[in-house]
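Novice: One structure coming up, written as structure tokens, with questions to follow.
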2 protein chains.
Amino acid sequence: MREVAILGIGQTKFGELWDRSFREIGIEAGFAALQEAKLSSKDISALYLGNMASGSFIEQEHIAPLILDYAGLAGHHLPAIRVEAGGASGAVALHQAYLAVASGAHDYVVVGGAEKMTDVPEDVQTDIANASADQEWETVFGATLPSLWALIARRHMHDHGTRREDFARFPVLAHEMGSKNPLAHFRNKVSLDQVLEGSPVAQPLGVMDCAPASDGASALVLGPLEKAREHTDTPIRICASQVACDTLALQHRKDITTVEATRLAAQVAFRHAKRTPADVQVAEIHDAYSISALLALEDLGFCPKGGVGKALAEGTVGPPGARLAINSSGGLKAQGQPFGAVGVAQVAEVVRQLRGEAKERQVAGAQVGLTHNLGGTGATSVVHLLERAT
Amino acid sequence: MREVAILGIGQTKFGELWDRSFREIGIEAGFAALQEAKLSSKDISALYLGNMASGSFIEQEHIAPLILDYAGLAGHHLPAIRVEAGGASGAVALHQAYLAVASGAHDYVVVGGAEKMTDVPEDVQTDIANASADQEWETVFGATLPSLWALIARRHMHDHGTRREDFARFPVLAHEMGSKNPLAHFRNKVSLDQVLEGSPVAQPLGVMDCAPASDGASALVLGPLEKAREHTDTPIRICASQVACDTLALQHRKDITTVEATRLAAQVAFRHAKRTPADVQVAEIHDAYSISALLALEDLGFCPKGGVGKALAEGTVGPPGARLAINSSGGLKAQGQPFGAVGVAQVAEVVRQLRGEAKERQVAGAQVGLTHNLGGTGATSVVHLLERAT
């Protein structure tokens with residue numbers, strides 16, 4: 001398997017894009033990434049597209065050839081393939097695109113992630129989001145994703161002495177970073193009190209603990225590392241791409257305070273890249289819920305079990321300047337959460353950081369970055385490790 | 001890239017399986033394929049699952065880890081990845097699984113296709129099926145898949161002198177073969193008159209020109225060819241796996257009487273395998289509509305443009321015994337059409353034929369087989385070439 005580099009990134013604004021269609025945002029992100037990579041659409045030989053639920057959101061399946069079509073590539077011989085893994089659809093699409101280039105099956109590949117979520121009413125959004133949990137064991141009985149994450153939070157508080165404030169700090173950080181990201185869905189800052197006093201969704205989680213439904217698209221161009229310098233002065237190497245899975249239903253897990261799929265994916269990713277968590281300076285982690293970010297830091301190996309609150313309070317984990325900078329994009333909470341786009345956008349942000357192009361969000365001297373993308377309550381977890389190619 | 005073989009196949013009955021859940025049929029097919037390949041689920045290192053619209057049909061996305069979970073593989077380090085490409089979802093999943101083994105990324109991989117379609121009313125089935133056509137240019141104005149294929153049929157009759165009887169012969173053949181297939185949705189025979197006199201759906205297509213909505217699952221185990229003899233006495237080599245795409249909307253195509261994606265996929269597949277259409281004795285082609293089967297025979301290179309009617313009437317193409325035997329399974333029309341399962345089930349039937357295990361459907365001396373799986377009106381087309389490994 002050969003080395004793979006990211007040659008270009010593209011991303012639309014995230015938010016309520018009521019005046020833009022799915023296909024419009026899809027090609028905007030893709031073309032931007034191609035332009036950065038100094039490639040035209042004719043140079044690519046495959047498209048992978050991460051999307052969770054376009055059939056339910058916009059009554060349109062079969063969306064990968066749709067985007068290919070609008071990119072002017074219909075009727076050429078190349079595959080356009082949609083990949084779905086709940087909220088992890090984007091990173092799983094990247095995993096497939098990575099394999100396509102690493103194996104030599106394709107040279108230049110576009111991977112996109114896109115979701116158009118805000119054209120349906122909020123109760124429908126909730127129903128669609130729930131489809132990444134277990135329909136027969138969970139959602140049919142009225143469980144929702146926030147209520148399942150609330151169970152996890154309660155158990156974590158019980159087992160590990162975690163306090164409400166420990167995970168309430170994540171949305172504060174997310175909005176602070178979102179205020180510096182022109183592509184972010186939310187650009188307002190929020191205080192710890194505003195998070196703690198937010199309307200309850202599923203206690204202990206309030207409205208500010210939950211990432212929004214957003215529209216948006218993001219894209220990357222991948223190519224073989226040995227040709228990367230022809231396309232960019234700052235190629236970013238993918239040092240590991242790992243997907244692991246666990247039970248869909250929470251009740252079937254041994255311990256719901258650990259996302260085993262994240263633990264496994266991270267373990268193998270670090271081994272594969274010959275790195276440790278201590279090597280990472282910048283990470284985008286899956287904060288669909290504040291508590292999911294807390295578990296991520298533990299399961300990825302950045303903090304000991306029950307140690308996240310302390311790390312955040314002491315600033316060893318936090319905004320740029322911390323030993324580990326997390327979610328400089330604003331994360332899912334503030335940058336936004338277009339399901340299928342999240343995993344791709346996380347990588348785009350880490351690429352900006354490793355290139356030194358993150359402007360007022362820049363993490364000084366970032367050399368190694370990590371992304372962590374989750375589906376549902378963790379039945380799919382995807383970890384990518386990235387570094388500046390020397 | 002190394003050679004890839006099919007080591008095992010599995011398939012549920014196709015039909016209205018109201019007493020069986022999606023997860024049940026998914027694991028039944030997967031376990032059957034593993035058993036044939038003398039493997040346990042612990043031996044596989046990835047799962048690819050083709051499915052078009054589980055979110056809309058059964059309110060469940062994120063289905064690849066669900067099937068992995070029920071196969072007893074939750075919490076192990078392996079990826080479970082769902083792939084969607086309308087009615088071509090199954091064959092595109094196979095394409096991904098093929099690349100996974102060919103590249104050396106994985107040794108043993110299960111590829112499944114599954115769809116549970118009959119738990120929703122028929123008008124909802126129609127709406128969901130339409131999601132593989134173009135929502136903004138076609139279905140929003142009331143066009144349905146059969147009406148789009150009817151446009152294609154009319155144009156083919158106008159441009160190439162095709163007669164109604166020329167494509168009406170396909171359902172007759174399909175039901176004759178379905179009557180010999182214990183897994184088929186429909187096992188009754190039908191006459192040419194019954195097809196011609198069927199209630200109109202979108203003229204010239206009647207109800208008997210249209211494949212049904214079905215429940216069902218199918219699965220394959222893939223592995224490296226050099227290890228195949230450890231698992232089976234009759235390994236089947238995948239000599240080509242090609243995906244091509246075209247515009248989603250019919251109106252954007254130069255000529256709607258040709259599915260350009262099929263033509264391209266077949267051309268490259270034959271070149272890749274160093275074969276010609278004349279080398280093929282057995283093929284499963286995508287007869288979601290009788291007219292789609294007619295176009296397939298032309299676009300795959302089996303018949304000249306406008307020559308299909310003659311070939312069927314003269315018996316050079318037809319049931320076992322013809323120079324080219326097509327849809328010995330009963331095809332989508334009689335074996336059934338669980339969207340995501342179709343592309344995998346087509347391959348399972350060709351494997352039975354190449355092994356010599358197709359019983360009363362057996363094509364004598366079958367050495368090379370082809371499968372052709374389509375999404376929508378041909379925005380995705382997938383061609384596989386298979387042969388007995390010597």
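Residue numbering restarts at 1 for every chain of the structure tokens, chains are lettered A, B, ... in their displayed order, and ligands are numbered from 1 as they appear.
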Pull out every residue of chain A that has at least one atom within 6 Å of chain B, counting only C-alpha atoms, and report them as a list in words.
Specialist: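 Listed by rising number, the hits are Glu59, Gln60, Glu61, His62, Pro65, Leu66, Asp69, Ala74, Gly75, His77, Leu78, Pro79, Arg82, Val83, Glu84, Ala85, Gly86, Ser103, Ala131, Ser132, Gln135, Val243, Ala244, Cys245, Asp246, Thr247, Leu248 and Leu264 of chain A.
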Novice: Pick out each residue of segment 64-313 of chain A that DSSP on the backbone tags as strand (DSSP E or B); I need them as JSON, numbers by chain.
Specialist: {"A": [80, 81, 82, 83, 84, 85, 87, 109, 110, 111, 112, 113, 114, 115, 200, 201, 202, 205, 206, 210, 215, 216, 217, 218, 219, 220, 221, 222, 223, 224, 236, 237, 238, 239, 240, 241, 242, 243, 244, 245, 282, 283, 284, 289]}
Novice: Might you pull out every residue within 10 Å of Met157 of chain A, with only C-alpha atoms counted and same-chain residues fewer than 4 positions away left off, and present them as a list in words?
Specialist: Leu151, Ile152, Ala153, Gly161, Thr162, Arg163, Arg164, Asp166, Pro204, Thr257 and Gly306 of chain A
Novice: I need the residues in segment 124-345 of chain B that are alpha helix (DSSP H) according to DSSP; give them as a count of residues only.
Specialist: 85
Novice: Residues within 12 Å of Asp215 of chain B, please, as a ChimeraX atom specification. Count only C-alpha atoms; anything in the same chain fewer than 5 positions from it doesn't count.
Specialist: /B:11-26,51,54,57-58,113-120,125,183-185,332,335-342
Novice: Could those selected residues go to a file with C-alpha atoms, as an mmCIF file, in the first residue's frame?
Specialist:
```cif
data_model
loop_
_atom_site.group_PDB
_atom_site.id
_atom_site.type_symbol
_atom_site.label_atom_id
_atom_site.label_comp_id
_atom_site.auth_asym_id
_atom_site.auth_seq_id
_atom_site.Cartn_x
_atom_site.Cartn_y
_atom_site.Cartn_z
ATOM 1 C CA GLN B 11 -29.316 -16.069 0.064
ATOM 2 C CA THR B 12 -32.702 -15.891 1.781
ATOM 3 C CA LYS B 13 -35.963 -16.510 0.029
ATOM 4 C CA PHE B 14 -37.098 -13.352 -1.771
ATOM 5 C CA GLY B 15 -40.697 -12.199 -1.368
ATOM 6 C CA GLU B 16 -43.028 -10.607 1.138
ATOM 7 C CA LEU B 17 -41.284 -11.670 4.334
ATOM 8 C CA TRP B 18 -43.620 -10.000 6.802
ATOM 9 C CA ASP B 19 -42.587 -12.242 9.682
ATOM 10 C CA ARG B 20 -38.857 -11.547 9.337
ATOM 11 C CA SER B 21 -36.846 -8.464 10.243
ATOM 12 C CA PHE B 22 -34.082 -6.763 8.257
ATOM 13 C CA ARG B 23 -31.427 -7.928 10.694
ATOM 14 C CA GLU B 24 -32.679 -11.525 10.588
ATOM 15 C CA ILE B 25 -32.482 -11.844 6.829
ATOM 16 C CA GLY B 26 -29.159 -10.000 6.790
ATOM 17 C CA ASN B 51 -28.749 -1.183 0.718
ATOM 18 C CA SER B 54 -33.457 1.375 4.913
ATOM 19 C CA PHE B 57 -38.333 1.643 4.538
ATOM 20 C CA ILE B 58 -37.684 0.677 8.177
ATOM 21 C CA GLY B 113 -27.036 -6.903 0.032
ATOM 22 C CA ALA B 114 -30.358 -6.558 1.807
ATOM 23 C CA GLU B 115 -33.616 -4.650 1.601
ATOM 24 C CA LYS B 116 -36.884 -4.868 3.516
ATOM 25 C CA MET B 117 -39.452 -3.156 1.281
ATOM 26 C CA THR B 118 -42.871 -4.641 1.910
ATOM 27 C CA ASP B 119 -43.540 -3.342 5.417
ATOM 28 C CA VAL B 120 -44.707 -0.009 3.960
ATOM 29 C CA GLN B 125 -42.755 1.973 -1.931
ATOM 30 C CA LEU B 183 -35.939 -18.762 -3.568
ATOM 31 C CA ALA B 184 -37.955 -16.747 -6.098
ATOM 32 C CA HIS B 185 -40.665 -14.256 -5.148
ATOM 33 C CA LEU B 332 -35.616 -9.078 -10.801
ATOM 34 C CA GLN B 335 -36.805 -13.924 -8.389
ATOM 35 C CA GLY B 336 -37.697 -10.529 -6.924
ATOM 36 C CA GLN B 337 -36.292 -7.064 -6.428
ATOM 37 C CA PRO B 338 -35.086 -6.246 -2.896
ATOM 38 C CA PHE B 339 -33.142 -3.200 -4.116
ATOM 39 C CA GLY B 340 -29.889 -3.562 -2.211
ATOM 40 C CA ALA B 341 -29.802 -7.351 -2.538
ATOM 41 C CA VAL B 342 -30.219 -7.550 -6.310
#
```
Novice: So which residues touch Gly356 of chain A within 12 Å, counting only C-alpha atoms, skipping near sequence neighbours fewer than 3 positions away, as JSON, numbers by chain?
Specialist: {"A": [233, 234, 235, 236, 282, 349, 350, 351, 352, 353, 359, 360, 361, 362, 363, 364, 365, 366, 367, 368, 387, 388]}
Novice: Would you pick out the contacts of Thr276 of chain A at 10 Å or less, using only C-alpha atoms, so that residues sharing its chain but fewer than 4 positions from it are not included, and give the list as a list in words?
Specialist: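 Those residues are Ala266, Gln267, Ala269, Phe270, Arg271, Val280, Leu300, Gly301 and Phe302 of chain A.
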Novice: So how many Å separate atom CA of Asp209 of chain A and atom CA of Ser290 of chain A, to one decimal?
Specialist: 5.0 Å
Novice: What's the separation between atom CA of Val124 of chain A and atom CA of Ile291 of chain A, in Å to one decimal place?
Specialist: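 Interatomic distance, atom CA of Val124 of chain A to atom CA of Ile291 of chain A: 23.7 Å.
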